[in-house]
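Coordinates from start24.cif are shown below (mmCIF, C-alpha atoms).
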```cif
data_work
#
loop_
_atom_site.label_atom_id
_atom_site.label_comp_id
_atom_site.auth_asym_id
_atom_site.auth_seq_id
_atom_site.Cartn_x
_atom_site.Cartn_y
_atom_site.Cartn_z
CA MET F 71 -8.84 9.92 -10.70
CA GLY F 72 -9.28 13.61 -11.45
CA ARG F 73 -9.28 13.16 -15.22
CA SER F 74 -11.71 10.27 -14.97
CA SER F 75 -14.11 12.29 -12.83
CA PHE F 76 -13.77 15.22 -15.21
CA ALA F 77 -14.73 13.01 -18.16
CA ASN F 78 -17.58 11.43 -16.19
CA GLY F 79 -18.77 14.88 -15.23
CA ARG F 80 -18.93 15.94 -18.86
CA ARG F 81 -20.84 12.84 -19.86
CA ALA F 82 -23.23 13.31 -16.98
CA LEU F 83 -23.57 16.98 -17.90
CA ALA F 84 -24.61 16.07 -21.45
CA GLY F 85 -27.27 13.78 -19.99
CA MET F 86 -28.48 16.49 -17.68
CA VAL F 87 -28.79 19.00 -20.54
CA PHE F 88 -30.91 16.50 -22.47
CA GLY F 89 -33.04 16.00 -19.36
CA SER F 90 -33.50 19.75 -19.05
CA LEU F 91 -34.89 19.91 -22.58
CA LEU F 92 -37.52 17.36 -21.63
CA THR F 93 -38.31 19.23 -18.43
CA LEU F 94 -38.66 22.51 -20.25
CA ALA F 95 -41.37 21.07 -22.46
CA SER F 96 -43.68 20.68 -19.48
CA VAL F 97 -42.73 23.99 -17.81
CA SER F 98 -44.05 27.37 -18.87
CA GLY F 99 -42.98 30.89 -18.02
CA CYS F 100 -40.46 33.38 -19.37
CA ALA F 101 -38.44 33.23 -16.16
CA LYS F 102 -37.83 29.52 -16.55
CA ILE F 103 -36.86 29.98 -20.17
CA GLU F 104 -34.40 32.65 -19.11
CA ALA F 105 -32.99 30.34 -16.45
CA PHE F 106 -32.58 27.55 -18.93
CA ASP F 107 -30.75 29.89 -21.31
CA LEU F 108 -28.37 30.79 -18.49
CA VAL F 109 -27.75 27.08 -17.78
CA ARG F 110 -27.07 26.50 -21.46
CA GLU F 111 -24.59 29.38 -21.52
CA GLY F 112 -22.96 27.93 -18.43
CA ASN F 113 -22.68 24.56 -20.12
CA ALA F 114 -20.92 26.12 -23.12
CA LEU F 115 -18.46 27.86 -20.83
CA TYR F 116 -17.92 24.60 -18.95
CA LYS F 117 -17.04 22.80 -22.17
CA ASP F 118 -14.48 25.54 -22.87
CA ALA F 119 -12.98 24.90 -19.40
CA LYS F 120 -14.09 28.36 -18.22
CA PHE F 121 -15.33 26.99 -14.94
CA LYS F 122 -15.57 30.21 -12.93
CA GLU F 123 -17.57 31.94 -15.67
CA ALA F 124 -19.81 28.86 -15.95
CA ILE F 125 -20.48 28.96 -12.21
CA GLU F 126 -21.56 32.61 -12.49
CA LYS F 127 -24.16 31.60 -15.11
CA TYR F 128 -25.43 28.77 -12.89
CA ASP F 129 -25.63 31.18 -9.94
CA ALA F 130 -27.75 33.52 -11.99
CA ALA F 131 -30.01 30.65 -13.08
CA GLU F 132 -30.48 29.58 -9.46
CA GLN F 133 -31.72 33.07 -8.55
CA ILE F 134 -34.43 32.75 -11.18
CA TRP F 135 -35.27 29.06 -10.90
CA PRO F 136 -33.95 27.53 -7.66
CA ASP F 137 -35.94 24.32 -8.22
CA HIS F 138 -34.13 23.53 -11.45
CA VAL F 139 -32.31 20.41 -10.20
CA THR F 140 -29.98 20.07 -13.18
CA LEU F 141 -28.12 23.30 -12.50
CA TYR F 142 -26.92 21.92 -9.15
CA TRP F 143 -25.22 18.98 -10.87
CA ASN F 144 -23.77 21.26 -13.55
CA ARG F 145 -22.45 23.76 -11.02
CA ALA F 146 -21.03 20.96 -8.88
CA CYS F 147 -19.11 19.58 -11.86
CA ALA F 148 -17.78 23.04 -12.71
CA ALA F 149 -16.75 23.70 -9.12
CA GLU F 150 -15.06 20.30 -8.86
CA SER F 151 -13.15 20.94 -12.08
CA GLN F 152 -12.01 24.27 -10.69
CA VAL F 153 -10.82 22.55 -7.50
CA LEU F 154 -8.77 20.05 -9.49
CA ARG F 155 -6.85 22.80 -11.28
CA MET F 156 -6.04 24.80 -8.13
CA LYS F 157 -2.89 23.16 -6.77
CA LYS F 158 -0.80 26.13 -5.64
CA PRO F 159 -0.50 26.71 -1.87
CA GLU F 160 -1.67 30.31 -2.24
CA GLU F 161 -4.90 29.06 -3.86
CA ARG F 162 -5.83 26.85 -0.90
CA GLU F 163 -8.38 29.21 0.65
CA GLU F 164 -10.17 29.90 -2.63
CA ARG F 165 -10.00 26.21 -3.56
CA ARG F 166 -11.82 25.31 -0.35
CA LYS F 167 -14.64 27.66 -1.33
CA TYR F 168 -15.16 25.83 -4.60
CA ALA F 169 -14.78 22.46 -2.89
CA ASP F 170 -17.55 23.39 -0.43
CA MET F 171 -19.74 24.48 -3.33
CA ALA F 172 -19.19 21.23 -5.22
CA LEU F 173 -19.87 19.07 -2.17
CA ARG F 174 -23.03 20.99 -1.35
CA ASP F 175 -24.39 20.98 -4.90
CA PHE F 176 -23.77 17.26 -5.50
CA GLN F 177 -25.65 16.50 -2.29
CA THR F 178 -28.49 18.89 -3.20
CA TRP F 179 -28.80 17.25 -6.61
CA TYR F 180 -29.04 13.80 -5.00
CA ASP F 181 -31.48 14.90 -2.26
CA ARG F 182 -33.86 16.31 -4.87
CA GLN F 183 -33.99 13.17 -6.99
CA ASP F 184 -37.50 11.69 -7.17
CA VAL F 185 -35.98 8.20 -7.23
CA LYS F 186 -32.66 7.80 -5.43
CA THR F 187 -30.83 5.02 -7.24
CA ALA F 188 -27.71 3.19 -6.08
CA GLU F 189 -25.94 4.45 -9.19
CA ALA F 190 -26.72 8.07 -8.35
CA GLU F 191 -25.55 7.55 -4.77
CA LYS F 192 -22.28 6.05 -6.00
CA GLN F 193 -21.76 8.96 -8.40
CA VAL F 194 -22.12 11.46 -5.59
CA LEU F 195 -19.83 9.44 -3.33
CA ASP F 196 -17.11 9.15 -5.99
CA HIS F 197 -17.21 12.89 -6.61
CA ARG F 198 -17.17 13.58 -2.87
CA LEU F 199 -14.04 11.51 -2.31
CA ASN F 200 -12.38 13.05 -5.35
CA ILE F 201 -13.07 16.58 -4.10
CA LEU F 202 -11.97 15.90 -0.53
CA ASN F 203 -8.76 14.34 -1.83
CA ALA F 204 -8.05 17.21 -4.23
CA ASP F 205 -8.69 19.72 -1.44
CA GLU F 206 -6.34 17.77 0.85
CA ARG F 207 -8.96 17.30 3.54
CA CYS F 208 -7.31 14.40 5.33
CA ASP F 209 -9.47 14.67 8.45
CA ASP F 210 -12.71 14.59 6.45
CA LEU F 211 -11.55 11.66 4.37
CA LEU F 212 -10.39 9.72 7.41
CA SER F 213 -13.67 10.44 9.19
CA TYR F 214 -15.49 9.00 6.19
CA TRP F 215 -13.46 5.78 6.27
CA PHE F 216 -13.67 5.48 10.06
CA GLU F 217 -17.45 5.69 9.83
CA LYS F 218 -17.42 3.01 7.14
CA GLN F 219 -15.24 0.85 9.37
CA ARG F 220 -17.57 1.28 12.36
CA ASN F 221 -20.57 0.34 10.25
CA ASP F 222 -18.82 -2.64 8.66
CA PRO F 223 -16.09 -3.80 11.08
CA LYS F 224 -15.65 -7.17 9.36
CA ASN F 225 -14.75 -5.62 6.01
CA GLU F 226 -10.97 -5.98 5.78
CA ASN F 227 -10.81 -3.93 2.57
CA ILE F 228 -11.72 -0.80 4.54
CA TYR F 229 -8.50 -1.21 6.53
CA GLY F 230 -6.58 -1.02 3.27
CA ALA F 231 -8.45 2.18 2.37
CA ILE F 232 -7.60 3.73 5.74
CA ILE F 233 -3.93 2.80 5.28
CA ARG F 234 -3.86 4.36 1.82
CA GLN F 235 -5.54 7.48 3.16
CA TYR F 236 -2.95 7.88 5.90
CA GLU F 237 -0.26 7.42 3.24
CA GLN F 238 -1.77 10.25 1.21
CA CYS F 239 -1.92 12.38 4.36
CA GLY F 240 1.75 11.69 5.02
CA ASP F 241 1.23 10.18 8.48
CA ASP F 242 3.77 7.35 8.44
CA ALA F 243 3.27 6.41 12.09
CA LYS F 244 -0.45 5.85 11.54
CA VAL F 245 0.26 3.83 8.40
CA SER F 246 2.39 1.43 10.43
CA GLU F 247 -0.20 1.35 13.21
CA TRP F 248 -3.01 0.33 10.88
CA TYR F 249 -0.92 -2.31 9.13
CA ALA F 250 -0.43 -3.92 12.55
CA LYS F 251 -4.05 -3.34 13.57
CA ARG F 252 -5.18 -5.20 10.46
CA THR F 253 -3.39 -8.35 11.64
CA GLU F 254 -4.83 -7.95 15.14
CA ASP F 255 -8.41 -7.62 13.91
CA PHE F 256 -8.01 -10.23 11.13
CA PRO F 257 -5.52 -12.75 12.57
CA GLU F 258 -6.54 -15.40 10.02
CA SER F 259 -5.93 -13.10 7.04
CA VAL F 260 -2.93 -14.21 5.00
CA LYS F 261 -2.92 -10.91 3.12
CA ALA F 262 -2.84 -8.92 6.36
CA TRP F 263 0.31 -10.68 7.61
CA HIS F 264 1.89 -10.52 4.17
CA ALA F 265 1.17 -6.78 3.85
CA LEU F 266 2.64 -6.09 7.29
CA ALA F 267 5.78 -8.07 6.38
CA ILE F 268 6.28 -6.02 3.22
CA ARG F 269 5.79 -2.85 5.24
CA ARG F 270 8.42 -3.93 7.77
CA PHE F 271 10.79 -4.85 4.93
CA ASP F 272 11.06 -1.17 3.86
CA PRO F 273 14.26 -0.30 5.80
CA LEU F 274 16.11 -3.09 3.98
CA TRP F 275 15.69 -1.60 0.52
CA PRO F 276 19.05 -0.36 -0.82
CA ASP F 277 19.66 3.04 -2.35
CA PRO F 278 19.51 2.44 -6.13
CA GLU F 279 22.38 4.86 -6.67
CA SER F 280 24.66 2.97 -4.27
CA GLY F 281 24.96 -0.06 -6.55
CA LEU F 282 24.69 -2.29 -3.47
CA ALA F 283 22.18 -5.07 -2.84
CA TYR F 284 21.54 -3.90 0.73
CA ASN F 285 20.97 -0.68 2.66
CA GLU F 286 24.42 0.42 3.78
CA GLN F 287 22.89 3.17 5.91
CA LEU F 288 21.49 0.54 8.28
CA PRO F 289 23.99 -1.23 10.58
CA PRO F 290 24.32 -5.02 10.03
CA ALA F 291 22.84 -5.82 13.46
CA GLU F 292 19.79 -3.72 12.68
CA ARG F 293 19.39 -5.35 9.27
CA LEU F 294 19.50 -8.76 10.91
CA LYS F 295 16.82 -7.70 13.36
CA VAL F 296 14.54 -6.36 10.61
CA ALA F 297 15.03 -9.45 8.43
CA ASP F 298 14.16 -11.75 11.35
CA GLU F 299 11.00 -9.77 12.06
CA VAL F 300 9.95 -9.93 8.41
CA LEU F 301 10.57 -13.67 8.32
CA GLY F 302 8.46 -14.18 11.44
CA LEU F 303 5.53 -12.36 9.82
CA LEU F 304 5.90 -14.29 6.57
CA ASP F 305 6.10 -17.57 8.48
CA LYS F 306 2.68 -16.69 9.90
CA ALA F 307 1.31 -16.10 6.41
CA VAL F 308 2.68 -19.41 5.13
CA SER F 309 1.28 -21.28 8.12
CA LEU F 310 -2.17 -19.95 7.21
CA ASP F 311 -1.78 -20.74 3.52
CA PRO F 312 1.16 -22.98 2.50
CA LYS F 313 0.41 -22.25 -1.16
CA PHE F 314 0.59 -18.46 -0.87
CA ARG F 315 3.24 -17.86 -3.52
CA ASP F 316 4.19 -14.26 -2.75
CA ALA F 317 5.11 -15.14 0.83
CA TYR F 318 7.86 -17.46 -0.45
CA VAL F 319 9.12 -14.76 -2.82
CA TRP F 320 9.47 -12.28 0.04
CA ARG F 321 10.93 -14.90 2.37
CA SER F 322 13.66 -15.52 -0.19
CA MET F 323 14.37 -11.78 -0.28
CA ALA F 324 14.43 -11.58 3.52
CA TYR F 325 16.85 -14.51 3.85
CA THR F 326 19.05 -12.89 1.21
CA GLN F 327 19.08 -9.64 3.17
CA ARG F 328 19.93 -11.58 6.31
CA GLN F 329 22.84 -13.17 4.47
CA TYR F 330 24.11 -9.73 3.42
CA ALA F 331 23.88 -8.58 7.04
CA ARG F 332 26.29 -11.28 8.20
CA VAL F 333 29.76 -9.90 8.91
CA VAL F 334 31.89 -12.51 7.15
CA ILE F 335 35.67 -12.35 7.52
CA GLU F 336 37.81 -13.85 4.77
CA GLU F 337 40.08 -15.80 7.15
CA PRO F 338 38.09 -16.25 10.38
CA GLU F 339 39.98 -17.18 13.55
CA LEU F 340 37.56 -16.74 16.43
CA PRO F 341 34.68 -19.21 16.86
CA GLU F 342 32.15 -16.38 16.43
CA GLU F 343 33.73 -15.39 13.13
CA LYS F 344 33.69 -18.97 11.86
CA LEU F 345 30.05 -19.37 12.90
CA GLU F 346 29.04 -16.17 11.10
CA ALA F 347 30.38 -17.53 7.80
CA ILE F 348 28.39 -20.75 8.25
CA LEU F 349 25.21 -18.82 9.09
CA ALA F 350 25.66 -16.73 5.94
CA ARG F 351 25.83 -19.91 3.84
CA GLU F 352 22.76 -21.28 5.65
CA ASP F 353 20.86 -18.09 4.80
CA LEU F 354 21.92 -18.54 1.18
CA MET F 355 20.46 -22.06 1.21
CA LEU F 356 17.28 -20.92 2.96
CA ALA F 357 16.78 -18.23 0.31
CA TRP F 358 17.13 -20.90 -2.38
CA LYS F 359 14.61 -23.16 -0.62
CA GLN F 360 12.01 -20.38 -0.88
CA GLN F 361 12.76 -20.10 -4.59
CA LYS F 362 12.37 -23.86 -4.85
CA ALA F 363 8.96 -23.61 -3.17
CA VAL F 364 7.93 -21.07 -5.80
CA CYS F 365 9.19 -23.42 -8.53
CA ASP F 366 7.10 -26.23 -7.09
CA LEU F 367 4.00 -24.05 -6.96
CA ASP F 368 4.65 -22.95 -10.56
CA GLN F 369 5.38 -26.57 -11.52
CA LEU F 370 8.78 -25.73 -12.98
CA GLU F 371 11.29 -28.47 -13.69
CA ASP F 372 14.82 -28.40 -12.31
CA CYS F 373 17.37 -26.80 -14.63
CA PRO F 374 19.54 -29.38 -16.40
CA THR F 375 23.12 -29.60 -15.16
CA ASP F 376 24.47 -30.02 -18.69
CA LEU F 377 25.35 -26.59 -20.16
CA GLU F 378 24.36 -27.51 -23.71
CA ALA F 379 20.98 -28.79 -22.54
CA LEU F 380 20.50 -25.59 -20.54
CA LYS F 381 21.15 -23.46 -23.64
CA LYS F 382 18.49 -25.37 -25.57
CA LEU F 383 15.90 -24.87 -22.83
CA GLU F 384 13.11 -22.56 -24.05
CA GLY F 385 11.18 -21.86 -20.87
CA PRO F 386 12.15 -21.05 -17.27
CA CYS F 387 13.50 -23.72 -14.96
CA CYS F 388 14.40 -24.03 -11.29
CA PRO F 389 18.09 -23.32 -10.49
CA PRO F 390 20.12 -25.85 -8.51
CA PRO F 391 20.95 -25.28 -4.83
CA PRO F 392 23.99 -23.04 -4.19
CA LEU F 393 25.56 -25.72 -1.93
CA ASP F 394 25.61 -29.45 -2.57
CA ALA F 395 24.64 -32.01 0.06
CA ALA F 396 28.25 -32.66 1.08
CA ALA F 397 28.95 -28.96 1.70
CA GLN F 398 25.77 -28.63 3.73
CA ALA F 399 26.67 -31.66 5.86
CA GLU F 400 30.17 -30.30 6.43
CA ASP F 401 28.75 -26.95 7.55
CA ALA F 402 26.31 -28.68 9.90
CA ASN F 403 29.11 -30.68 11.58
CA LEU F 404 31.37 -27.62 11.82
CA ARG F 405 28.57 -25.54 13.30
CA ALA F 406 27.93 -28.17 15.98
CA GLN F 407 31.63 -28.21 16.91
CA ILE F 408 31.88 -24.42 17.06
CA GLU F 409 28.73 -24.07 19.15
CA ALA F 410 30.02 -26.73 21.57
CA GLU F 411 33.33 -24.88 21.82
CA MET F 412 31.55 -21.56 22.46
CA LYS F 413 29.31 -23.15 25.09
CA ALA F 414 32.32 -24.63 26.89
CA ALA F 415 34.04 -21.23 26.85
CA LEU F 416 31.00 -19.62 28.44
CA GLU F 417 30.71 -22.27 31.12
CA ALA F 418 34.41 -22.27 32.02
CA PRO F 419 34.44 -18.96 33.96
CA VAL F 420 31.40 -20.12 35.92
CA GLU F 421 33.17 -23.36 36.90
CA GLU F 422 36.34 -21.47 37.89
CA GLU F 423 34.34 -19.07 40.06
CA THR F 424 32.60 -22.02 41.72
CA ASP F 425 35.97 -23.69 42.43
CA LYS F 426 37.29 -20.47 43.99
CA LYS F 427 34.27 -20.21 46.30
CA LYS F 428 34.67 -23.82 47.32
CA GLY F 429 38.37 -23.20 48.13
CA LYS F 430 37.53 -20.24 50.35
CA ARG F 431 35.00 -22.28 52.30
CA LYS F 432 37.63 -25.01 52.91
CA ARG F 433 40.08 -22.52 54.44
#
```

Re-express the file's structure as structure tokens.
Amino acid sequence: MGRSSFANGRRALAGMVFGSLLTLASVSGCAKIEAFDLVREGNALYKDAKFKEAIEKYDAAEQIWPDHVTLYWNRACAAESQVLRMKKPEEREERRKYADMALRDFQTWYDRQDVKTAEAEKQVLDHRLNILNADERCDDLLSYWFEKQRNDPKNENIYGAIIRQYEQCGDDAKVSEWYAKRTEDFPESVKAWHALAIRRFDPLWPDPESGLAYNEQLPPAERLKVADEVLGLLDKAVSLDPKFRDAYVWRSMAYTQRQYARVVIEEPELPEEKLEAILAREDLMLAWKQQKAVCDLDQLEDCPTDLEALKKLEGPCCPPPPLDAAAQAEDANLRAQIEAEMKAALEAPVEEETDKKKGKRKR
């Protein structure tokens, strides 16, 4: 953004210099000629990236000809360029001085325009945001976006701008708050629910250096909880728009993370251990079903089962399910048996306690 503004500033500066030549033709007086010479010297210094020296020339020109509108634009561009190069912590105080100068001069230039065009207003606004960002003025930037949001409360894009601003300010708690607020204020927005889901997915990302497909720093129970929350948010997005492709992509990733969070024992003995293995396979199938939904939206054909035919395939195809119908049916029956066994085990102590109480009453 800084480089772009710098280039735009130079182009605008060239236009302003040309405009000054036209203005000079209708203005008389040695003082004005002297002021124009100072502006021209400042412009040459600006082009050589000697921004402080250029500002001194513009200051001198202002003392002679304070109504010369062009010098305010030129000085603002020089001050902004100086702000962009001052990134050291010890330069913060001096940087703020130049930022204030640039903000003031851009506004003065705009206020003194005979005809205030939308283009000129946008130019000033773009420079203002660039300067405030470079000067790390989070509060000022947030105040700007909050005012925009108050004036246009139905503009969902402003919420995205506020979120990005909080990200730049390093306020993670507020970032999360505004992601959630976006869904509250725009409950019918697919993108709002999708964005919140992606935000909540963050803890599941693995450390690239670990070589693992999941975040080992997060306990399995916590990963399950996060994955379930993400899936709930994505389910909301899909219910609003069944053809929203990205939601299926992220649902597949969330189901995969849920599968990784299952604690699967190689030779399970307890009913809970056996059930966990079945749930892991179910998550694997659910992840594939999301991929299949993407394939259907992309109108991809199923991959051929014949290996030779698969090798000859030129474009992408949809992979087969990881479990066949027979394996899925077997898992479903086994799950029903295990859950019935677990339910009976839970109810048994209650029945025994009831029998004991009945026996005491009989005595």

message = Which residues are near stretch 193-196 of chain F? Cut-off 8 Å, all atoms listed in the file, ignore same chain within fewer than 6 positions. Put them as a list in words.
response = Phe176, Gln177 and Tyr180 of chain F

Writing out the chosen residues with C-alpha atoms as a short mmCIF file (atom, residue, chain, number, x, y, z; two decimals), in the coordinates of the input:
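Saved to out-v3.cif:
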```cif
data_model
loop_
_atom_site.label_atom_id
_atom_site.label_comp_id
_atom_site.auth_asym_id
_atom_site.auth_seq_id
_atom_site.Cartn_x
_atom_site.Cartn_y
_atom_site.Cartn_z
CA PHE F 176 -23.77 17.26 -5.50
CA GLN F 177 -25.65 16.50 -2.29
CA TYR F 180 -29.04 13.80 -5.00
#
```

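Selection check: the PyMOL selection byres ((chain F and resi 287) around 10) on the shown file gives Pro273, Leu274, Pro276, Asp277, Tyr284, Asn285, Glu286, Leu288, Pro289, Pro290 and Arg293 of chain F.
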
message = Which residue is closest to F:Asp129? Choose from F:Val296, F:Ala148, F:Leu356, F:Met412 and count all atoms listed in the file.
response = F:Ala148

message = Take the PyMOL selection byres ((chain F and resi 262) around 9), run it mentally on this structure, and tell me the resulting residues as an NGL selection string.
response = :F and (226 or 249-250 or 252-253 or 256-261 or 263-267 or 307)

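Between F:Lys359 and the residues F:Phe271, F:Phe216, F:Tyr330, F:Tyr318, the shortest atom-to-atom distance, using all atoms listed in the file, involves F:Tyr318.
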
message = With the PyMOL selection byres ((chain F and resi 386-401) around 6) as the selection, what would be picked from this file? Answer as a PyMOL selection string, please.
response = chain F and resi 365+370-373+385+402-405

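Picture a line from atom CA of F:Tyr168 to atom CA of F:Gln152; it runs 7.0 Å.
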
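Interatomic distance, atom CA of F:Tyr116 to atom CA of F:Asp175: 15.9 Å.
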
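Minimum atom-to-atom distance to F:Thr326, evaluated using only C-alpha atoms, belongs to F:Leu301 out of F:Asp222, F:Leu301, F:Ala131, F:Leu383.
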
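Relative to atom CA of F:Arg155, atom CA of F:Leu115 is found at 15.9 Å.
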
inquiry  = Let me make sure I understand: among F:Asp205, F:Asp255, F:Asp376, F:Asp272, which one has the smallest atom-to-atom distance to F:Asn225 if we use only C-alpha atoms?
reply    = F:Asp255

message = Can you pull out the residues contacting stretch 242-245 of chain F? Cut-off 12 Å, using all atoms listed in the file, and skip same-chain residues under 6 positions away; I want them as a ChimeraX atom specification.
response = /F:212,229-236,251-252,265-266,269-270

key: Residue nearest F:Leu354 among F:Pro341, F:Tyr325, F:Glu132, F:Thr375 (counting all atoms listed in the file)   = F:Tyr325

Per-axis box centre and lengths in Å around stretch 120-135 of chain F, 6 Å margin per side, axis-aligned, as AutoDock Vina command-line options:
```
--center_x -24.7 --center_y 30.3 --center_z -13.4 --size_x 33.2 --size_y 18.5 --size_z 21.7
```

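Each of F:Glu343, F:Gln327, F:Pro223, F:Asn144 was compared to F:Ala283 using only C-alpha atoms, and F:Gln327 turns out to be the nearest.
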